[in-house]
Every structure is written in C-alpha cells, then in structure tokens.
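Q: Can you keep this structure in mind? I'll have questions shortly.
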Amino acid sequence: MQKNISIILLSFLFLFATQLKAQVERKQIYAQRTTTPPKIDGKINDEVWAGIPVANNFVQLEPVNGKPCSFPTEVKFIYDDDALYIGAMFYDPNPDSIMTDLGERDSEDINADVFAVSIGPFDDGHNAFEFWVSASGVQIDKKISANYGDVNWNAVWESHVSLNDSGWSAEMKIPYSAIRFPKTSVQKWAIIIWRSIKRYNELANWQIIDKEVYGFMNQSGLLLGINDIEPPLRLSFTPYVSGYILKQSNSNKTSYSYNGGLDLKYGINESFTLDMTLIPDFGQVESDDEILNLSPFEVKYDEKRTFFTEGTELFNKGGIFYSRRIGATPANYDSIYNNLGQNETIVENPTETQMINATKISGRTNKGLGIGVFNAMTKEAVASIVDSISGKSHSFVTQGFTNYNLLVLDQILKNNSFVSVINSNVKRNDYMANVTATEFNLLNKKNTYAIFGTAAISNKNTELSDNDFGFKYDLKLAKVQGNLRADLQQIVKSDNYDQNDLGYLRHNNELSYKFNLEYNFYKPIWKFLSWSNKLNIRHTSLFAPRSFSEIEIELSTHINFRNNTGIRSHASIKPIDNHDYFETRTLTNYVVVPKSFHLCTFYSPNRIKKFTIGGGGAFWVSDYYNQSTFYFQLSPSLRIGDKFYINYRLHHTTKNNTVGYVGASNDTINFGMRDLKEISQTIDFKYIFNNVSSLSFRMRHYWSKAKYSKYMYLQDDGYFEPNPNNLNMDVNFNAFNIDMYYSYYFAPGSEVSIAWKYAIYDSKNEAIAQYIDNIQNIINSPYSNSISIRVLYYIDYNNIRKVLKNKQ
C-alpha cells in the first residue's frame with residue numbers, strides 16, 4: 001500500500017497536463033509628486049489632479065471574467081513626503097441606481113458600490129495592504145497574506161466620497177505610517193485597483209485577473225514613480241478606560257468595576273512593528289455560540305479579541321497557534337474537586353486565567369523574509385476553599401504563572417511560493433510544552449502545479465516525564481491552474497503528537513489519504529454564471545496501530561446562476577462499515593459505524609434585493625438501528641432603506657437512534673441509544689446612523705436535548721449487548737445570549753462603545769419534551785446581566801510632533 005501510494009505521489013504531476021496560459025503583461029501606472037496635497041472631500045476638483053496619468057480600461061472579474069467593465073473608470077495617484085493620495089471617478093449613466101447602503105466599518109458584505117486598492121510595497125506576489133471605501137463612505141481595510149485577507153487588521157487613513165450627475169467619485173489619503181515599504185530611493189509597488197457595481201454584482205479590475213490562474217497578488221499591476229520617500233516614525237498609543245455594571249441572579253449585589261490600559265504600536269524600522277497591549281480588557285467581546293458537546297472532541301470557538309485577530313497572519317503559519325489558549329480555563333480547574341477534604345467547599349474557582357500583557361513583533365524584510373515574535377503572560381489562578389466546620393480557608397493553585405511564546409520565520413520564494421518555520425513554547429512551573437512546525441507552498445514557474453505541506457514535532461517536559469515527542473505532517477501534490485484541478489494528499493499524526501497547549505488539534509493518531517478532483521466553469525455556460533464540481537475520496541486509519549477507521553466518497557456541485565442566486569449540493573457515501581476508535585475514548589476499542597448515505601442542498605438568494613430568503617436541508621440514513629438525521633435551515637433577511645438591516649436564522653436538527661458513549665466502569669464501556677434534537681435561532685439587526693456610528697443587536701437561543709431509549713455494553717467486535725440498567729444520562733442544554741453594541745468613531749482610530757450583554761446557560765439531567773416548556777425553564781434559570789462603556793483614543797506621535805513644531 002505504501003509503495004503504491006509513493007508511486008502515485010511521484011507520478012501525479014504528469015497526469016493532468018494542459019496547455020499553459022501565456023503570461024499577461026503587467027500594466028503600469030505612474031504616481032506624480034505634489035507639493036500641495038489635495039483636500040480629501042471626494043470631489044477630485046483640486047488643480048493638483050490635473051494632468052495626472054489615468055488608470056482606466058477596467059476588466060471584469062465577476063460575473064464574466066475578462067469582459068470589459070460595464071462603465072468607464074478613472075483612477076489617479078499622487079504623493080508627497082507624508083502620504084499616497086488616490087482620486088477615482090466611477091462613471092455611471094444612472095446615478096440614482098448606485099447602491100449606497102450604509103454598514104459598520106469593515107463590513108465586507110455591504111450592499112453598496114465599492115472602490116478598493118491592494119498595495120504590495122514589496123511586490124512579492126503574496127502580501128499587500130488593502131483599502132476599500134463604499135459609495136456610502138464606509139471604510140474597510142484588510143491585510144493580504146498568501147492571497148487571504150485579514151479584515152481584522154485596522155489602519156488609520158482618510159477617505160471621502162461624492163455622488164454627482166456622472167456617477168460617483170472617491171478620494172483616499174493613505175499615510176505612509178499605515179503601510180510598510182522598503183527603504184529605497186525608487187519604489188516599485190504591486191497594485192490591484194478594484195471597482196464593484198453592486199446592482200449587477202459586478203467586480204472589475206484595472207489589471208486583468210484570470211480566475212483560472214492560482215492567486216491574485218501575483219497577477220497585479222505596477223505603481224511606479226514614487227521616489228525619495230522616507231518611512232516615517234510609526235509610533236501610536238491607544239489608551240482606554242472602561243466601566244462595568246454586573247448583576248447576576250445568584251447574587252443579591254450589583255457589582256461595579258473599571259479598567260484602564262494601553263495599546264501601543266511602534267515601528268522599529270521601515271519593515272517591523274511592535275504591538276503591545278498592557279492590562280487588556282476584553283469584556284465587550286461578543287459571546288460565543290456555545291453548543292451541547294457530546295463528542296470526544298473539544299469545540300473550537302472563534303477568536304474575537306481584537307489584539308489576537310489583528311495582524312496575526314504570520315503566527316497562523318503551520319497551524320499550531322490557537323490564541324484562545326491564552327486566558328482560557330485554568331489547566332487544573334477540575335482538579336480542585338478531586339482535592340476537597342471532608343466538610344470542605346469551594347468558595348471561588350476562576351473560570352479564566354487573567355492576562356497581564358501581550359506583545360507581538362512582526363514584519364518583512366525587503367528580501368521577503370517575514371519575522372514574527374509573540375509573547376503573552378497570564379497570572380497565577382487560585383481557587384479558594386473553606387472548611388464549613390472550622391471556618392478555616394486555604395487556597396489551591398489551578399494554574400501557575402504562565403508564559404506563552406511564538407517565533408516565526410516566513411520566506412517568500414519565487415513563483416508565488418513560500419516556506420515557513422514556527423516554534424511555540426508554553427512554560428509554567430515545572431511544565432513546558434514545545435512545538436516546532438514548518439509550512440511550505442512550492443509552485444512551478446507557470447503556477448500550474450504545486451506541492452503544499454506542513455510538518456511539526458511536539459515535545460513535553462513535565463515532572464513525570466521528559467521529552468515526550470510526537471509528530472505530524474500533511475503533504476499535498478496538486479494541479480492548481482485551469483478548469484481541471486486535482487490533488488493527492490497524505491496526512492499523518494502520530495499517537496503522541498500534541499499541540500494543544502498553544503494550538504488546537506481535534507485529534508491525533510491518524511493516517512489518511514485523500515484524492516480530490518474538480519472541474520470548474522469560470523465563464524458563463526447556459527444559465528450558469530459559474531459552475532464547480534468536485535469528487536473527493538478519503539481513506540483513514542489509526543497511525544498506531546495501523547487499524548482501518550473510515551472510507552468516504554463525496555460528490556459536490558456549486559452553481560451560480562445568471563440571476564445571482566446559487567445552489568450548493570453535496571452527497572456522500574460510506575460504502576462499508578467504519579470503525580470509530582475515538583468515540584470509545586480508549587483507542588484500543590472501536591464502535592462499528594454502519595455504512596451510510598448523506599445528501600444536502602442549500603440555496604443562496606440574490607443579496608442585493610431588499611427581502612431575501614435563503615435556506616436548505618439535509619438528511620442522513622444508515623443501515624443499522626434505524627438511524628436517520630434530518631436538518632434544515634432558513635434565513636430570511638430584510639433591508640429597510642439604506643440604514644436598517646434585520647436577519648433571522650433558524651437551524652433545526654433531529655437525529656434518531658444515534659449511538660454514543662456515556663461512561664466506563666470496571667473495564668466496561670457503556671453506550672446509549674438516543675434521540676437528539678437541536679434548535680438554534682438567531683436574530684440580528686443593525687441600524688447604521690452614518691458611516692462612523694452604528695447600533696447592533698444580536699439575540700441567540702440554542703436548545704439541545706438528548707433522550708436515551710436504552711443502554712448497552714460495547715463488545716470487542718464493535719457491536720453491543722443490552723445493559724438492563726437505566727444510567728439516567730438524559731440531558732437538556734440551553735444557551736441564551738443578547739449582545740447589543742453602540743459604536744461611535746469620533747476621530748480616526750478613536751471610538752466610544754457601549755455594550756449590553758445578557759446570558760443564560762442552563763444544563764439539566766432531563767430531556768424536556770416540548771419547546772414551550774423549555775422556554776419556561778429558561779425564564780427560571782440563573783442569568784448574568786451587564787452594561788459597559790469603553791473609550792479608546794488614538795494618539796499618533798507624528799501629529800503631536802507637527803503640533804509642537806507649528807507652535808515654535
């Protein structure tokens with residue numbers, strides 16, 4: 001088997017030879033120096049814009065790749081010692097049809113026409129800074145890395161728009177402090193200029209971008225003419241103050257608290273930046289969408305803390321960094337319950353470790369070497385215990401002072417390729433965990449074929465063991481250009497590989513082979529704007545011992561219609577009985593998972609309409625136990641005017657006669673047959689006062705219950721024998737959250753935010769039959785209710801220096 005796979009891997013690149021596309025000549029546009037900066041009002045009527053070279057003749061990316069843009073576009077660039085200035089005119093014969101809906105800052109899905117530029121000062125084909133402004137004046141900025149955009153990155157820059165009889169126009173001022181560029185006298189920047197016409201769902205570029213070619217920054221044009229500029233001193237401070245009022249139903253008191261801290265950004269040189277947060281406050285972070293988890297795997301929740309989402313693209317290399325480990329539940333949170341003496345009770349047991357500070361240094365040299373250094377520290381977490389008889393109390397350390405570190409090296413190579421090395425280290429008391437990983441993308445000169453890969457080794461040193469090593473690797477050979485694409489992949493995770501001290505790994509102990517084949521229609525065909533079809537085959541076993549686990553065959557299709565609606569369908573089959581070693585929680589025993597069939601279809605509406613309804617459904621059936629699953633979702637949304645948006649999402653899942661682990665005792669593994677029901681409802685609404693002020697409201701109710709019909713003993717052959725005992729494992733779980741925010745950007749980079757958060761989490765050892773009865777249960781459950789206000793003020797050292805200089 002291993003020999004056959006090796007032969008396939010070596011010969012794979014020769015299987016799908018197709019005619020290579022000719023290299024498209026890069027367009028060039030020249031910026032001109034000015035001694036008088038324009039007034040940024042969106043009107044482009046300053047004399048300084050006269051006679052400036054024009055970027056025009058835009059070409060569609062969507063909906064018809066390569067077709068000329070529906071309307072003319074003109075974009076100009078000028079610069080001085082402080083900033084790059086961009087003026088753009090977007091002609092439209094029907095100005096009253098230009099979509100100008102408002103949205104929150106960084107709203108990528110805004111229903112409005114948009115102008116954007118992607119600027120790559122190092123012209124490496126990978127990295128760029130992206131600045132958008134909508135026809136309604138809403139700013140969006142992103143940091144591009146390896147063709148993926150990070151919308152959490154925020155810069156301080158200026159923009160204004162103006163609607164007129166010929167269409168609309170925009171002006172941008174991008175200070176050099178907002179970007180990084182090489183310290184050379186002659187600059188050569190990669191540039192992509194974008195224009196969207198929302199009512200047509202049209203996206204056009206100045207430099208043609210071919211959808212059949214892998215990547216987009218490697219297809220950029222060139223911005224030339226910028227000479228003799230100096231990278232400025234990049235130093236800014238963002239102090240904050242915040243105050244909280246908290247009421248919990250299990251307490252008769254209302255608590256009050258306040259915090260203060262500082263975020264600091266310092267440009268070490270023209271390429272590298274130091275980011276630091278001192279005494280951070282994440283109290284206004286949106287609530288997690290918590291669920292009932294009956295699986296053997298940890299649920300991975302999204303990171304929503306700004307410091308850990310902004311500018312972290314380097315630290316995500318290798319897939320070994322999960323920032324929510326920092327400030328998470330103490331490592332020995334549950335251990336305290338096993339250390340209670342007679343008559344002792346727990347007075348306090350913190351559910352989160354408190355972060356002291358966090359620092360990151362990141363940047364890229366003009367030779368394409370990216371370097372990232374990250375450090376965070378959390379305080380010792382201490383629980384309090386009291387003896388109910390003597391009244392004496394003592395403490396129990398659930399996690400000692402902990403130091404988290406990351407080091408990343410990422411080298412850009414030719415042909416849109418890169419190679420990275422990353423190391424993570426966690427140290428507390430006598431415990432240290434270390435993971436070293438690499439990630440690489442290697443493409444041929446024409447960007448037709450590629451080798452993608454990651455590899456890592458883990459090592460733990462504890463009081464009980466030294467040098468507990470594990471490893472993983474993921475290797476993929478792929479054809480990445482053209483209509484026909486394919487890849488062959490091998491995934492290996494040793495049985496003792498563990499990156500979960502500072503990363504996330506759903507499980508280890510895996511040996512998988514995957515084959516993916518897809519054929520894409522990038523240009524319109526019949527009633528379709530585009531059409532993608534995929535075949536996936538996956539074979540999985542344990543790494544140790546080499547025991548078969550699963551085989552699955554999947555077919556999927558994704559169609560975008562000419563009326564800008566879409567359908568996604570997916571079908572999969574497990575043709576033979578599979579073996580699940582993880583559900584047993586032992587890795588020596590397995591449970592037989594019967595052969596099954598799964599089908600799902602989802603519809604996406606044309607989102608430019610005022611009222612839309614999306615949705616879909618799925619079902620799953622298997623050979624044994626009369627098992628079945630039914631799922632449907634519904635998502636209507638409504639826009640009223642250009643300021644008010646409301647969206648409702650319903651998810652409903654019913655699983656009949658599923659089999660799951662319930663516990664083990666005396667070398668006996670107990671399972672249960674259960675019916676599961678899960679209903680999730682979410683209401684979102686937003687009212688946008690203007691492009692700097694908004695109100696958002698989000699309410700989510702999640703209800704899940706498990707009703708067991710019988711219990712069973714697991715046998716050595718993976719099947720079951722009856723267990724006459726009632727283990728009483730029914731469960732009813734509710735999560736109810738309200739997150740309401742008002743935000744006002746009163747100055748560039750400065751914000752006032754007010755948040756109301758209401759939360760109920762309730763779990764009971766019974767399955768409530770009816771939804772209405774469950775609602776009554778929620779009303780009577782403990783709750784947490786808080787209101788907070790937070791003020792951030794952005795201070796740019798360069799602005800202070802200018803003020804002081806003018807006063808002299």
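Residue names in the structure tokens use chain letters A, B, ... in the order shown, residue numbers from 1 in each chain, and ligand numbers from 1 in the order shown.
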As a count of residues only, please: the residues near Val347 in chain A (cut-off 8 Å, only C-alpha atoms, same-chain neighbours under 5 positions excluded).

A: 4

Q: Hey, what's within 8 Å of Gln28 in chain A if we count only C-alpha atoms and toss same-chain stuff fewer than 5 positions away? As a ChimeraX atom specification, please?

A: /A:221-224

Q: Save the residues we just selected, N, CA and C atoms, as an mmCIF file, in the first residue's frame?

A:
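Saved result, out-v4.cif, follows:
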```
data_model
loop_
_atom_site.group_PDB
_atom_site.id
_atom_site.type_symbol
_atom_site.label_atom_id
_atom_site.label_comp_id
_atom_site.auth_asym_id
_atom_site.auth_seq_id
_atom_site.Cartn_x
_atom_site.Cartn_y
_atom_site.Cartn_z
ATOM 1 N N GLY A 221 -0.758 44.690 -11.189
ATOM 2 C CA GLY A 221 -0.041 45.662 -11.991
ATOM 3 C C GLY A 221 1.043 46.314 -11.157
ATOM 4 N N LEU A 222 1.621 47.398 -11.697
ATOM 5 C CA LEU A 222 2.706 48.094 -11.006
ATOM 6 C C LEU A 222 2.363 49.563 -10.827
ATOM 7 N N LEU A 223 2.631 50.074 -9.623
ATOM 8 C CA LEU A 223 2.554 51.514 -9.334
ATOM 9 C C LEU A 223 3.988 52.022 -9.252
ATOM 10 N N LEU A 224 4.348 52.911 -10.185
ATOM 11 C CA LEU A 224 5.709 53.426 -10.286
ATOM 12 C C LEU A 224 5.703 54.943 -10.108
#
```

Q: Just list the residues in range 49-264 of chain A DSSP gives helix (DSSP H, G or I) on the backbone, as a list in words.

A: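 Matching residues, listed in order: Trp49, Pro95, Asp96, Ser97, Tyr176, Ser177, Ala178, Lys198, Arg199, Tyr200, Met217, Asn218 and Gln219 of chain A.
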
Q: Using N, CA, C and O atoms, can you write the selected residues to a file as an mmCIF file, in the first residue's frame?

A:
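Written output follows (result31.cif):
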```
data_model
loop_
_atom_site.group_PDB
_atom_site.id
_atom_site.type_symbol
_atom_site.label_atom_id
_atom_site.label_comp_id
_atom_site.auth_asym_id
_atom_site.auth_seq_id
_atom_site.Cartn_x
_atom_site.Cartn_y
_atom_site.Cartn_z
ATOM 1 N N TRP A 49 -4.967 67.551 -9.311
ATOM 2 C CA TRP A 49 -5.312 66.336 -10.038
ATOM 3 C C TRP A 49 -5.192 66.501 -11.554
ATOM 4 O O TRP A 49 -5.231 65.520 -12.297
ATOM 5 N N PRO A 95 -27.024 57.464 -12.140
ATOM 6 C CA PRO A 95 -26.509 57.726 -10.782
ATOM 7 C C PRO A 95 -27.501 57.422 -9.674
ATOM 8 O O PRO A 95 -27.097 57.064 -8.566
ATOM 9 N N ASP A 96 -28.790 57.547 -9.990
ATOM 10 C CA ASP A 96 -29.779 57.268 -8.956
ATOM 11 C C ASP A 96 -29.900 55.775 -8.655
ATOM 12 O O ASP A 96 -30.558 55.376 -7.698
ATOM 13 N N SER A 97 -29.237 54.935 -9.471
ATOM 14 C CA SER A 97 -29.262 53.487 -9.239
ATOM 15 C C SER A 97 -28.040 52.993 -8.481
ATOM 16 O O SER A 97 -27.949 51.805 -8.158
ATOM 17 N N TYR A 176 1.916 57.084 5.029
ATOM 18 C CA TYR A 176 2.951 56.060 4.971
ATOM 19 C C TYR A 176 3.058 55.288 6.289
ATOM 20 O O TYR A 176 3.561 54.152 6.317
ATOM 21 N N SER A 177 2.558 55.900 7.361
ATOM 22 C CA SER A 177 2.580 55.203 8.657
ATOM 23 C C SER A 177 1.599 54.038 8.693
ATOM 24 O O SER A 177 1.680 53.180 9.574
ATOM 25 N N ALA A 178 0.643 53.997 7.717
ATOM 26 C CA ALA A 178 -0.348 52.927 7.693
ATOM 27 C C ALA A 178 0.157 51.677 6.987
ATOM 28 O O ALA A 178 -0.450 50.612 7.093
ATOM 29 N N LYS A 198 -22.579 47.152 -7.587
ATOM 30 C CA LYS A 198 -23.293 46.183 -6.772
ATOM 31 C C LYS A 198 -24.595 45.716 -7.404
ATOM 32 O O LYS A 198 -24.949 44.543 -7.284
ATOM 33 N N ARG A 199 -25.317 46.598 -8.077
ATOM 34 C CA ARG A 199 -26.620 46.188 -8.619
ATOM 35 C C ARG A 199 -26.477 45.140 -9.715
ATOM 36 O O ARG A 199 -27.423 44.420 -10.021
ATOM 37 N N TYR A 200 -25.294 45.028 -10.305
ATOM 38 C CA TYR A 200 -25.004 43.987 -11.277
ATOM 39 C C TYR A 200 -24.190 42.842 -10.670
ATOM 40 O O TYR A 200 -23.856 41.889 -11.373
ATOM 41 N N MET A 217 -2.530 38.355 -6.083
ATOM 42 C CA MET A 217 -1.494 39.381 -5.967
ATOM 43 C C MET A 217 -0.351 39.126 -6.947
ATOM 44 O O MET A 217 0.334 40.060 -7.366
ATOM 45 N N ASN A 218 -0.152 37.888 -7.337
ATOM 46 C CA ASN A 218 0.848 37.570 -8.348
ATOM 47 C C ASN A 218 0.399 37.981 -9.754
ATOM 48 O O ASN A 218 1.172 37.892 -10.707
ATOM 49 N N GLN A 219 -0.839 38.470 -9.903
ATOM 50 C CA GLN A 219 -1.345 38.972 -11.177
ATOM 51 C C GLN A 219 -1.513 40.494 -11.158
ATOM 52 O O GLN A 219 -2.238 41.048 -11.973
#
```

Q: Ranking A:Lys360, A:Arg324, A:Arg790, A:His539 by minimum distance to Ser743 in chain A and counting only C-alpha atoms, which one comes first?

A: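 So, comparing all the options, the nearest one is A:Arg790.
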
Q: If we count only C-alpha atoms, what is near Gly672 in chain A at a cut-off of 6 Å, once residues fewer than 4 positions away on the same chain are taken out, given as a list in words?

A: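 My reading of the contact set: Val659, Gly660, Lys710, Tyr711 and Met712 of chain A.
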
Q: How would the residues just chosen look if you wrote them out with N, CA, C and O atoms as a PDB file, in the first residue's frame?

A:
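Output (selection25.pdb):
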```pdb
ATOM      1  N   VAL A 659     -25.997   6.500  18.400  1.00  0.00           N
ATOM      2  CA  VAL A 659     -25.331   5.717  19.445  1.00  0.00           C
ATOM      3  C   VAL A 659     -24.130   6.504  19.934  1.00  0.00           C
ATOM      4  O   VAL A 659     -23.322   6.977  19.133  1.00  0.00           O
ATOM      5  N   GLY A 660     -24.015   6.654  21.258  1.00  0.00           N
ATOM      6  CA  GLY A 660     -22.922   7.440  21.803  1.00  0.00           C
ATOM      7  C   GLY A 660     -22.441   6.948  23.148  1.00  0.00           C
ATOM      8  O   GLY A 660     -23.169   6.283  23.894  1.00  0.00           O
ATOM      9  N   LYS A 710     -32.282   3.380  25.457  1.00  0.00           N
ATOM     10  CA  LYS A 710     -31.719   2.188  26.084  1.00  0.00           C
ATOM     11  C   LYS A 710     -30.210   2.354  26.215  1.00  0.00           C
ATOM     12  O   LYS A 710     -29.604   3.233  25.596  1.00  0.00           O
ATOM     13  N   TYR A 711     -29.627   1.469  27.038  1.00  0.00           N
ATOM     14  CA  TYR A 711     -28.191   1.491  27.282  1.00  0.00           C
ATOM     15  C   TYR A 711     -27.602   0.133  26.925  1.00  0.00           C
ATOM     16  O   TYR A 711     -28.289  -0.903  26.984  1.00  0.00           O
ATOM     17  N   MET A 712     -26.294   0.151  26.556  1.00  0.00           N
ATOM     18  CA  MET A 712     -25.671  -1.055  26.022  1.00  0.00           C
ATOM     19  C   MET A 712     -24.217  -1.144  26.476  1.00  0.00           C
ATOM     20  O   MET A 712     -23.592  -0.135  26.782  1.00  0.00           O
TER      21      MET A 712
END
```

Q: Restricting the calculation to only C-alpha atoms, which member of A:Ser680, A:Arg364, A:Phe216, A:Thr378 is positioned closest to Pro280 in chain A?

A: A:Thr378

Q: From the DSSP assignment of the backbone, select every residue of range 596-694 of chain A that is strand (DSSP E or B), and format the answer as JSON, numbers by chain.

A: {"A": [596, 597, 598, 599, 600, 601, 602, 603, 604, 611, 612, 613, 614, 615, 616, 617, 618, 619, 620, 621, 622, 628, 629, 630, 631, 632, 633, 634, 635, 636, 637, 638, 639, 640, 644, 645, 646, 647, 648, 649, 650, 651, 652, 653, 654, 655, 656, 657, 658, 659, 660, 661, 662, 663, 664, 665, 668, 669, 670, 671, 672, 673, 674, 675, 676, 677, 678, 679, 680, 681, 682, 683, 684, 685, 686, 687, 688, 689, 690, 693, 694]}

Q: Any chance you could tabulate, as a tab-separated table, the residues of range 439-529 of chain A at most 6 Å from range 557-562 of chain A with each one's nearest atom pair and distance in Å to one decimal, using only C-alpha atoms, in chain and rising number order?

A:
```
residue	atom	partner	partner_atom	distance
A:Lys527	CA	A:Arg562	CA	5.9
A:Phe528	CA	A:Phe561	CA	4.4
A:Leu529	CA	A:Arg562	CA	5.2
```

Q: What does the distance between CA of Lys142 in chain A and CA of Gly311 in chain A come to in Å, to one decimal place?

A: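 Computing it gives 9.4 Å between the two atoms.
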
Q: Would you write out, as a tab-separated table, a table of all residues in range 694-720 of chain A that have an atom no more than 12 Å from an atom of range 580-586 of chain A, listing for each the closest atom pair and the distance in Å to one decimal, considering only C-alpha atoms and ordering rows by chain and rising residue number?

A:
```
residue	atom	partner	partner_atom	distance
A:Tyr713	CA	A:Thr584	CA	11.2
A:Leu714	CA	A:Thr584	CA	8.7
A:Gln715	CA	A:Thr584	CA	11.0
A:Asp716	CA	A:Thr584	CA	11.3
A:Asp717	CA	A:Asp580	CA	11.8
A:Gly718	CA	A:Asp580	CA	8.8
A:Tyr719	CA	A:Asp580	CA	11.4
```

Q: Give the answer as one residue: which of A:Glu380, A:Asp281, A:Glu104, A:Asp675 has the shortest atom-to-atom distance to Gly243 in chain A, using only C-alpha atoms?

A: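 Nearest candidate to Gly243 in chain A out of A:Glu380, A:Asp281, A:Glu104, A:Asp675: A:Asp281.
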
Q: Which polymer residues have any atom within 6 Å of an atom of Val373 in chain A, counting only C-alpha atoms, with same-chain residues fewer than 4 positions away left out, as a list in words?

A: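 After dropping sequence-adjacent residues, the list is Lys360, Ile361, Leu406 and Leu407 of chain A.
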